[in-house]
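J.: Take a look at structure-v6.txt, compact mmCIF, C-alpha atoms:
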# COMPACT_ATOMS: atom_id res chain seq x y z
CA MET A 15 31.98 81.24 101.34
CA ASP A 16 35.60 80.57 102.28
CA ILE A 17 39.08 81.52 101.01
CA ASP A 18 39.64 78.19 99.25
CA THR A 19 36.49 78.76 97.22
CA ILE A 20 37.70 82.24 96.28
CA ASP A 21 41.03 80.76 95.16
CA SER A 22 39.27 78.14 93.04
CA MET A 23 37.11 80.79 91.41
CA GLU A 24 40.16 82.86 90.54
CA GLU A 25 41.99 79.86 89.11
CA GLY A 26 38.98 79.10 86.93
CA GLY A 27 38.51 82.70 85.85
CA ASP A 28 35.04 82.70 87.40
CA VAL A 29 34.41 86.44 87.39
CA ASP A 30 30.67 86.07 87.95
CA GLY A 31 31.25 83.82 90.96
CA LEU A 32 33.71 86.29 92.49
CA ILE A 33 31.25 89.13 91.96
CA ALA A 34 28.57 87.07 93.69
CA ALA A 35 30.93 86.60 96.64
CA LEU A 36 31.17 90.34 97.28
CA ASN A 37 29.38 91.45 100.42
CA PRO A 38 29.93 95.01 101.68
CA ARG A 39 29.51 93.84 105.27
CA GLU A 40 31.98 90.92 105.08
CA ASP A 41 35.34 92.65 104.97
CA MET A 42 37.64 89.61 104.96
CA ILE A 43 35.99 87.44 102.28
CA THR A 44 35.13 90.47 100.18
CA GLY A 45 38.73 91.62 100.43
CA TYR A 46 39.98 88.31 99.05
CA ALA A 47 37.40 88.38 96.25
CA VAL A 48 38.30 91.97 95.34
CA GLU A 49 41.98 91.08 95.18
CA ALA A 50 41.19 88.13 92.93
CA LEU A 51 39.12 90.36 90.63
CA GLY A 52 42.00 92.82 90.53
CA ARG A 53 44.39 90.12 89.41
CA LEU A 54 41.95 88.97 86.72
CA ALA A 55 41.39 92.62 85.66
CA ASP A 56 38.19 91.75 83.81
CA PRO A 57 36.06 94.79 82.86
CA ARG A 58 32.92 92.83 83.73
CA SER A 59 33.70 93.43 87.40
CA VAL A 60 33.80 97.23 87.16
CA ASP A 61 30.20 97.92 88.22
CA ALA A 62 30.46 95.60 91.22
CA LEU A 63 33.79 97.06 92.33
CA VAL A 64 32.64 100.66 92.01
CA SER A 65 29.53 99.84 94.05
CA LEU A 66 31.82 98.86 96.96
CA LEU A 67 33.54 102.24 97.24
CA GLY A 68 33.06 103.61 100.73
CA LYS A 69 30.97 100.65 101.84
CA SER A 70 33.18 98.52 104.11
CA ASP A 71 32.41 98.45 107.83
CA TYR A 72 36.01 99.38 108.60
CA PHE A 73 35.89 102.32 106.22
CA GLN A 74 32.66 103.63 107.71
CA ARG A 75 33.97 103.26 111.28
CA HIS A 76 37.45 104.66 110.78
CA GLY A 77 37.16 107.11 107.93
CA ARG A 78 39.26 107.62 104.85
CA SER A 79 42.30 105.47 105.66
CA LEU A 80 43.17 103.34 102.65
CA GLY A 81 46.20 101.53 104.03
CA THR A 82 46.62 97.85 103.35
CA GLY A 83 46.53 95.27 106.13
CA THR A 84 43.93 97.17 108.11
CA GLY A 85 41.06 94.71 107.87
CA GLN A 86 39.25 96.64 105.17
CA TYR A 87 39.07 96.32 101.43
CA GLN A 88 38.87 99.85 100.10
CA GLY A 89 42.55 99.90 99.17
CA SER A 90 42.06 96.61 97.33
CA VAL A 91 39.10 98.06 95.40
CA ILE A 92 41.24 100.98 94.29
CA GLU A 93 44.03 98.66 93.18
CA ALA A 94 41.60 96.38 91.34
CA LEU A 95 40.04 99.26 89.40
CA GLU A 96 43.50 100.59 88.63
CA SER A 97 44.42 97.17 87.22
CA ILE A 98 41.36 97.23 84.96
CA GLY A 99 42.35 100.71 83.82
CA ALA A 100 40.66 102.64 81.03
CA PRO A 101 37.55 100.39 80.76
CA ALA A 102 36.68 101.41 84.33
CA VAL A 103 36.83 105.15 83.68
CA PRO A 104 33.29 105.78 82.29
CA LYS A 105 31.67 104.09 85.30
CA LEU A 106 34.01 105.91 87.68
CA LEU A 107 33.15 109.26 86.11
CA ALA A 108 29.44 108.54 86.45
CA GLU A 109 30.01 107.65 90.10
CA PHE A 110 32.07 110.80 90.63
CA GLN A 111 29.25 112.96 89.31
CA SER A 112 26.38 111.21 91.08
CA ASN A 113 27.82 110.02 94.40
CA LYS A 114 29.21 112.82 96.51
CA SER A 115 30.37 110.50 99.29
CA ALA A 116 32.57 108.52 96.88
CA ARG A 117 34.30 111.45 95.19
CA GLU A 118 37.45 111.28 97.30
CA LEU A 119 38.02 107.66 96.40
CA VAL A 120 37.05 108.01 92.74
CA ALA A 121 39.40 110.98 92.26
CA GLN A 122 42.27 108.92 93.64
CA ILE A 123 41.50 106.02 91.31
CA LEU A 124 41.22 108.26 88.25
CA GLY A 125 44.57 109.79 89.11
CA ARG A 126 46.11 106.34 89.32
CA ILE A 127 44.58 105.13 86.05
CA ARG A 128 45.76 108.34 84.31
CA ASP A 129 43.37 108.15 81.39
CA PRO A 130 42.71 111.46 79.57
CA GLN A 131 39.01 110.65 79.16
CA ALA A 132 38.60 111.77 82.79
CA VAL A 133 39.93 115.29 82.18
CA GLU A 134 36.72 116.98 81.04
CA VAL A 135 34.64 115.89 84.04
CA LEU A 136 37.40 116.67 86.55
CA SER A 137 38.01 120.08 84.95
CA GLN A 138 34.33 120.95 85.08
CA TYR A 139 34.30 120.04 88.75
CA LEU A 140 37.13 122.46 89.52
CA SER A 141 35.55 125.25 87.48
CA ASP A 142 32.45 125.26 89.71
CA ALA A 143 33.39 127.19 92.84
CA GLN A 144 30.42 125.73 94.72
CA ASN A 145 32.07 122.32 94.77
CA ALA A 146 34.91 123.59 96.94
CA ILE A 147 32.31 124.92 99.39
CA LEU A 148 29.92 121.98 99.47
CA ASP A 149 32.34 119.04 99.30
CA ALA A 150 34.89 117.78 101.81
CA PRO A 151 37.92 120.12 101.78
CA ASN A 152 40.30 117.54 100.35
CA VAL A 153 38.16 116.67 97.30
CA PRO A 154 39.29 119.66 95.18
CA PHE A 155 42.88 118.82 96.15
CA LEU A 156 42.45 115.19 95.09
CA VAL A 157 40.80 116.23 91.83
CA THR A 158 43.69 118.58 91.06
CA GLU A 159 46.16 115.86 92.00
CA ALA A 160 44.37 113.47 89.65
CA LEU A 161 44.69 115.94 86.78
CA ALA A 162 48.37 116.42 87.59
CA ASN A 163 48.89 112.65 87.62
CA ILE A 164 47.13 112.26 84.28
CA GLY A 165 49.58 114.82 82.91
CA HIS A 166 47.92 115.11 79.49
CA PRO A 167 48.05 118.38 77.50
CA SER A 168 44.29 118.72 78.07
CA CYS A 169 45.05 119.06 81.81
CA VAL A 170 47.04 122.26 81.33
CA ALA A 171 44.16 124.76 81.34
CA PRO A 172 42.56 123.62 84.63
CA LEU A 173 45.96 123.27 86.29
CA LEU A 174 46.88 126.83 85.30
CA ARG A 175 43.66 128.12 86.85
CA VAL A 176 44.62 126.46 90.09
CA LEU A 177 48.19 127.81 89.92
CA THR A 178 46.92 131.41 89.79
CA GLU A 179 44.55 130.88 92.72
CA VAL A 180 46.33 128.83 95.40
CA PRO A 181 49.10 129.92 97.78
CA LEU A 182 52.48 129.64 96.06
CA GLY A 183 54.63 127.19 97.95
CA SER A 184 51.67 125.15 99.17
CA LYS A 185 51.54 121.40 98.61
CA LEU A 186 48.87 121.94 95.97
CA SER A 187 50.98 124.44 94.03
CA HIS A 188 53.81 121.88 93.92
CA VAL A 189 51.37 119.24 92.65
CA VAL A 190 50.21 121.61 89.90
CA THR A 191 53.75 122.43 88.83
CA GLU A 192 54.64 118.74 88.60
CA GLY A 193 51.51 118.16 86.52
CA LEU A 194 52.41 120.96 84.12
CA ASP A 195 55.87 119.47 83.70
CA LYS A 196 54.38 116.05 83.04
CA ALA A 197 52.09 117.53 80.39
CA GLY A 198 55.11 119.03 78.62
CA TRP A 199 53.75 122.54 79.08
CA ASP A 200 55.81 125.50 77.93
CA PRO A 201 54.79 128.73 79.69
CA GLN A 202 53.45 131.33 77.28
CA SER A 203 51.60 134.15 79.06
CA GLU A 204 53.63 136.43 81.29
CA ILE A 205 51.65 135.78 84.47
CA HIS A 206 51.95 132.02 84.04
CA GLN A 207 55.63 132.34 83.30
CA VAL A 208 56.22 134.27 86.52
CA TYR A 209 54.15 131.96 88.75
CA TYR A 210 55.69 128.86 87.22
CA TRP A 211 59.24 130.14 87.64
CA ILE A 212 58.54 131.12 91.22
CA MET A 213 57.43 127.56 91.93
CA LYS A 214 60.44 126.10 90.10
CA GLY A 215 62.81 128.37 92.00
CA GLN A 216 63.96 129.87 88.71
CA LEU A 217 63.58 133.55 89.59
CA GLU A 218 66.48 134.46 87.31
CA ASN A 219 64.02 134.02 84.44
CA CYS A 220 61.76 136.63 86.03
CA VAL A 221 64.74 138.97 86.34
CA LYS A 222 65.41 138.54 82.62
CA MET A 223 61.85 139.70 81.92
CA GLY A 224 62.71 142.99 83.64
CA SER A 225 60.00 145.49 84.48
CA THR A 226 57.39 143.36 82.71
CA ALA A 227 57.53 140.88 85.58
CA VAL A 228 57.14 143.40 88.41
CA ALA A 229 53.33 143.55 88.59
CA TYR A 230 53.07 139.75 88.56
CA LEU A 231 55.78 139.35 91.17
CA LEU A 232 54.00 141.80 93.43
CA SER A 233 50.70 139.98 93.03
CA ALA A 234 52.42 136.70 93.90
CA LEU A 235 54.11 138.23 96.95
CA GLU A 236 50.84 138.38 98.88
CA ARG A 237 50.18 134.66 98.66
CA ALA A 238 53.63 133.11 98.65
CA GLY A 239 55.26 130.98 101.32
CA THR A 240 58.30 132.32 103.16
CA SER A 241 60.97 130.84 100.89
CA GLU A 242 59.01 131.85 97.79
CA ARG A 243 58.55 135.39 99.16
CA ILE A 244 62.27 135.77 99.69
CA GLY A 245 62.92 134.66 96.12
CA ILE A 246 60.36 137.15 94.82
CA ILE A 247 61.87 139.96 96.90
CA GLU A 248 65.37 139.19 95.68
CA ALA A 249 64.14 139.19 92.07
CA LEU A 250 62.49 142.58 92.58
CA GLY A 251 65.78 143.90 93.93
CA GLU A 252 67.61 142.65 90.84
CA ILE A 253 65.03 144.18 88.48
CA ARG A 254 65.39 147.53 90.31
CA ASP A 255 62.05 148.97 89.33
CA GLU A 256 60.81 151.73 91.65
CA ARG A 257 57.22 150.51 91.31
CA ALA A 258 58.13 147.82 93.83
CA VAL A 259 59.24 150.19 96.58
CA ASP A 260 55.93 150.85 98.34
CA ALA A 261 54.94 147.20 98.26
CA LEU A 262 58.31 146.13 99.66
CA ILE A 263 58.10 148.63 102.51
CA GLU A 264 54.58 147.47 103.29
CA GLN A 265 55.72 143.86 103.18
CA ARG A 266 58.60 144.61 105.53
CA ASN A 267 56.09 145.69 108.17
CA LYS A 268 54.45 142.25 107.91
CA GLU A 269 57.65 140.25 108.21
CA THR A 270 58.44 140.84 111.88
CA SER A 271 58.76 137.10 112.55
CA HIS A 272 60.88 136.44 109.45
CA PRO A 273 64.20 138.29 109.78
CA ASP A 274 65.57 136.70 106.59
CA ALA A 275 62.70 138.21 104.64
CA VAL A 276 63.31 141.62 106.27
CA ASP A 277 66.99 141.45 105.30
CA ALA A 278 66.05 140.53 101.73
CA ILE A 279 63.66 143.48 101.54
CA ASN A 280 66.29 145.90 102.85
CA ASP A 281 68.81 144.58 100.33
CA ALA A 282 66.25 144.93 97.54
CA LEU A 283 65.46 148.52 98.50
CA VAL A 284 69.17 149.41 98.49
CA LYS A 285 69.55 147.90 95.03
CA ILE A 286 66.57 149.88 93.79
CA GLY A 287 68.27 152.96 95.17
CA LYS A 288 66.21 153.70 98.26
CA ARG A 289 67.73 154.58 101.61
CA ILE A 290 66.67 152.20 104.37
CA VAL A 291 64.78 153.90 107.17
Would you mind writing the structure in this file as C-alpha cells?
T.:
Amino acid sequence: MDIDTIDSMEEGGDVDGLIAALNPREDMITGYAVEALGRLADPRSVDALVSLLGKSDYFQRHGRSLGTGTGQYQGSVIEALESIGAPAVPKLLAEFQSNKSARELVAQILGRIRDPQAVEVLSQYLSDAQNAILDAPNVPFLVTEALANIGHPSCVAPLLRVLTEVPLGSKLSHVVTEGLDKAGWDPQSEIHQVYYWIMKGQLENCVKMGSTAVAYLLSALERAGTSERIGIIEALGEIRDERAVDALIEQRNKETSHPDAVDAINDALVKIGKRIV
C-alpha cells in the first residue's frame, strides 16, 4: 500500500478500501488513511477508527502525546472521529466503558464532539469514587473537562459535585466554572452560589448574602488557592460576623509564607471588631 493508492481511494470515496488499509503497526500509511477517513467523515469507519485508539507503535513507546507531526496517528484518529461527530458517540461510549486503557483518549474525543448523549455515561463514571482510585489520575480530569466542553444543562449536576469537592482555584475548578457558564447555569443553592462566586472572583455577591454566606466561606477557606483565600478573607471582613473570628485566627497561623494573606486576615479581624494580637 502506498500514499498514491490512499489518495485514489479517498477521491473515489472508497471507505471500505481505506478501512482495509489500516494497520496498527504501520504508522505512516495508517496515518494517511485515517486522515482520508476523517475528511470523508463516513460513519461506516467509526468501528475501525475506534479500534485504533492507543494502538500505534509511537503511542505505545512514547505515551500519551497526541501532537501532530510526531510520526504517529492518534491525533489523526481523534480528529477523524470528531469530524464524524454524533454518529461516533455510541461506539465511543461503549469503548469508554469496556476499555480502561482507551479512556483518556475517548474522553478527549467526546469532549470535542460535544454531544449530550455522552453525559449520562460520563456522569456515572464521576459518581463512582473507585474510578478515581483505579484509573490513571488524569482520567477523571479529562471526563470532567469533557462534560464542561459539552456544556449542556444535563452536565450541571455532575459539574456541581466536582465544584464542591476539588480545590478552589485549581485548574479543574476553572474548567468546571467555564462548563457551568456554557450550560447557562444560574446558581440556586447557597453553597453553590458561594463557591461559584469565589471562582468567578465575584466575592461582593457573597458579601451581599451577609451572615448566610459565612459558613460556606469558611468551608471553602480550607481548600482554596492563595488568591481565592485572600478574596474569601476579605469578604468575611466585610460581612463582619464574629463566627469567623476563630477560623481567621487559626488560618493566620497557617499563612506564615503568605504575608498578603496575613495582612488580609488582620484587616478582616479589625473590621469585625477584634483587636489584633
J.: Around the point (65.9, 152.9, 101.4), in the coordinates given by the file, pick out the residues reaching within 12 Å, counting all atoms listed in the file, and return them as a PyMOL selection string.
T.: chain A and resi 251+256+258-260+262-263+266+279-291
J.: By how many Å are atom CA of Ala121 of chain A and atom CA of Arg237 of chain A apart?
T.: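 Those two atoms sit 26.8 Å apart.
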J.: Tell me which protein, DNA and RNA residues are within 12 Å of Ala261 of chain A, counting all atoms listed in the file, leaving out same-chain ones fewer than 5 positions away, and put them as a compact mmCIF listing (two decimals) with C-alpha atoms, keeping the file's coordinate frame.
T.:
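New file part-v6.txt:
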# COMPACT_ATOMS: atom_id res chain seq x y z
CA VAL A 228 57.14 143.40 88.41
CA ALA A 229 53.33 143.55 88.59
CA LEU A 231 55.78 139.35 91.17
CA LEU A 232 54.00 141.80 93.43
CA SER A 233 50.70 139.98 93.03
CA ALA A 234 52.42 136.70 93.90
CA LEU A 235 54.11 138.23 96.95
CA GLU A 236 50.84 138.38 98.88
CA ILE A 246 60.36 137.15 94.82
CA ILE A 247 61.87 139.96 96.90
CA LEU A 250 62.49 142.58 92.58
CA ASP A 255 62.05 148.97 89.33
CA GLU A 256 60.81 151.73 91.65
CA ARG A 266 58.60 144.61 105.53
CA ASN A 267 56.09 145.69 108.17
CA LYS A 268 54.45 142.25 107.91
CA ILE A 279 63.66 143.48 101.54
CA ALA A 282 66.25 144.93 97.54
CA LEU A 283 65.46 148.52 98.50
J.: Around (44.8, 123.2, 85.5) in the file's frame, which residues reach within 12 Å when counting all atoms listed in the file? Return as an MDAnalysis selection string?
T.: chainID A and resid 133:134 136:141 154:155 157:180 186:187 189:195 197 199 206
J.: Dump C-alpha atoms for the selected residues as a short mmCIF file (atom, residue, chain, number, x, y, z; two decimals), keeping the file's coordinate frame?
T.:
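Below is the file part27.cif, written as the result:
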data_model
loop_
_atom_site.label_atom_id
_atom_site.label_comp_id
_atom_site.auth_asym_id
_atom_site.auth_seq_id
_atom_site.Cartn_x
_atom_site.Cartn_y
_atom_site.Cartn_z
CA VAL A 133 39.93 115.29 82.18
CA GLU A 134 36.72 116.98 81.04
CA LEU A 136 37.40 116.67 86.55
CA SER A 137 38.01 120.08 84.95
CA GLN A 138 34.33 120.95 85.08
CA TYR A 139 34.30 120.04 88.75
CA LEU A 140 37.13 122.46 89.52
CA SER A 141 35.55 125.25 87.48
CA PRO A 154 39.29 119.66 95.18
CA PHE A 155 42.88 118.82 96.15
CA VAL A 157 40.80 116.23 91.83
CA THR A 158 43.69 118.58 91.06
CA GLU A 159 46.16 115.86 92.00
CA ALA A 160 44.37 113.47 89.65
CA LEU A 161 44.69 115.94 86.78
CA ALA A 162 48.37 116.42 87.59
CA ASN A 163 48.89 112.65 87.62
CA ILE A 164 47.13 112.26 84.28
CA GLY A 165 49.58 114.82 82.91
CA HIS A 166 47.92 115.11 79.49
CA PRO A 167 48.05 118.38 77.50
CA SER A 168 44.29 118.72 78.07
CA CYS A 169 45.05 119.06 81.81
CA VAL A 170 47.04 122.26 81.33
CA ALA A 171 44.16 124.76 81.34
CA PRO A 172 42.56 123.62 84.63
CA LEU A 173 45.96 123.27 86.29
CA LEU A 174 46.88 126.83 85.30
CA ARG A 175 43.66 128.12 86.85
CA VAL A 176 44.62 126.46 90.09
CA LEU A 177 48.19 127.81 89.92
CA THR A 178 46.92 131.41 89.79
CA GLU A 179 44.55 130.88 92.72
CA VAL A 180 46.33 128.83 95.40
CA LEU A 186 48.87 121.94 95.97
CA SER A 187 50.98 124.44 94.03
CA VAL A 189 51.37 119.24 92.65
CA VAL A 190 50.21 121.61 89.90
CA THR A 191 53.75 122.43 88.83
CA GLU A 192 54.64 118.74 88.60
CA GLY A 193 51.51 118.16 86.52
CA LEU A 194 52.41 120.96 84.12
CA ASP A 195 55.87 119.47 83.70
CA ALA A 197 52.09 117.53 80.39
CA TRP A 199 53.75 122.54 79.08
CA HIS A 206 51.95 132.02 84.04
#
J.: Go ahead and compute the interatomic distance for atom CA of Ile244 of chain A and atom CA of Asp274 of chain A, in Å to one decimal.
T.: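 Separation of atom CA of Ile244 of chain A and atom CA of Asp274 of chain A: 7.7 Å.
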J.: Have a look at A:Val103, A:Ala278, A:Val208, A:Ile98 and name the one nearest to Leu54 of chain A; count only C-alpha atoms.
T.: A:Ile98
J.: Atom CA of Gly45 of chain A and atom CA of Tyr87 of chain A are how many Å apart?
T.: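 For atom CA of Gly45 of chain A relative to atom CA of Tyr87 of chain A, the distance reads 4.8 Å.
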J.: Residues at most 12 Å from Asp28 of chain A, counting all atoms listed in the file, excluding those fewer than 5 positions away in the same chain, as JSON, numbers by chain?
T.: {"A": [19, 20, 21, 22, 23, 33, 34, 35, 47, 50, 51, 54, 55, 56, 58, 59]}
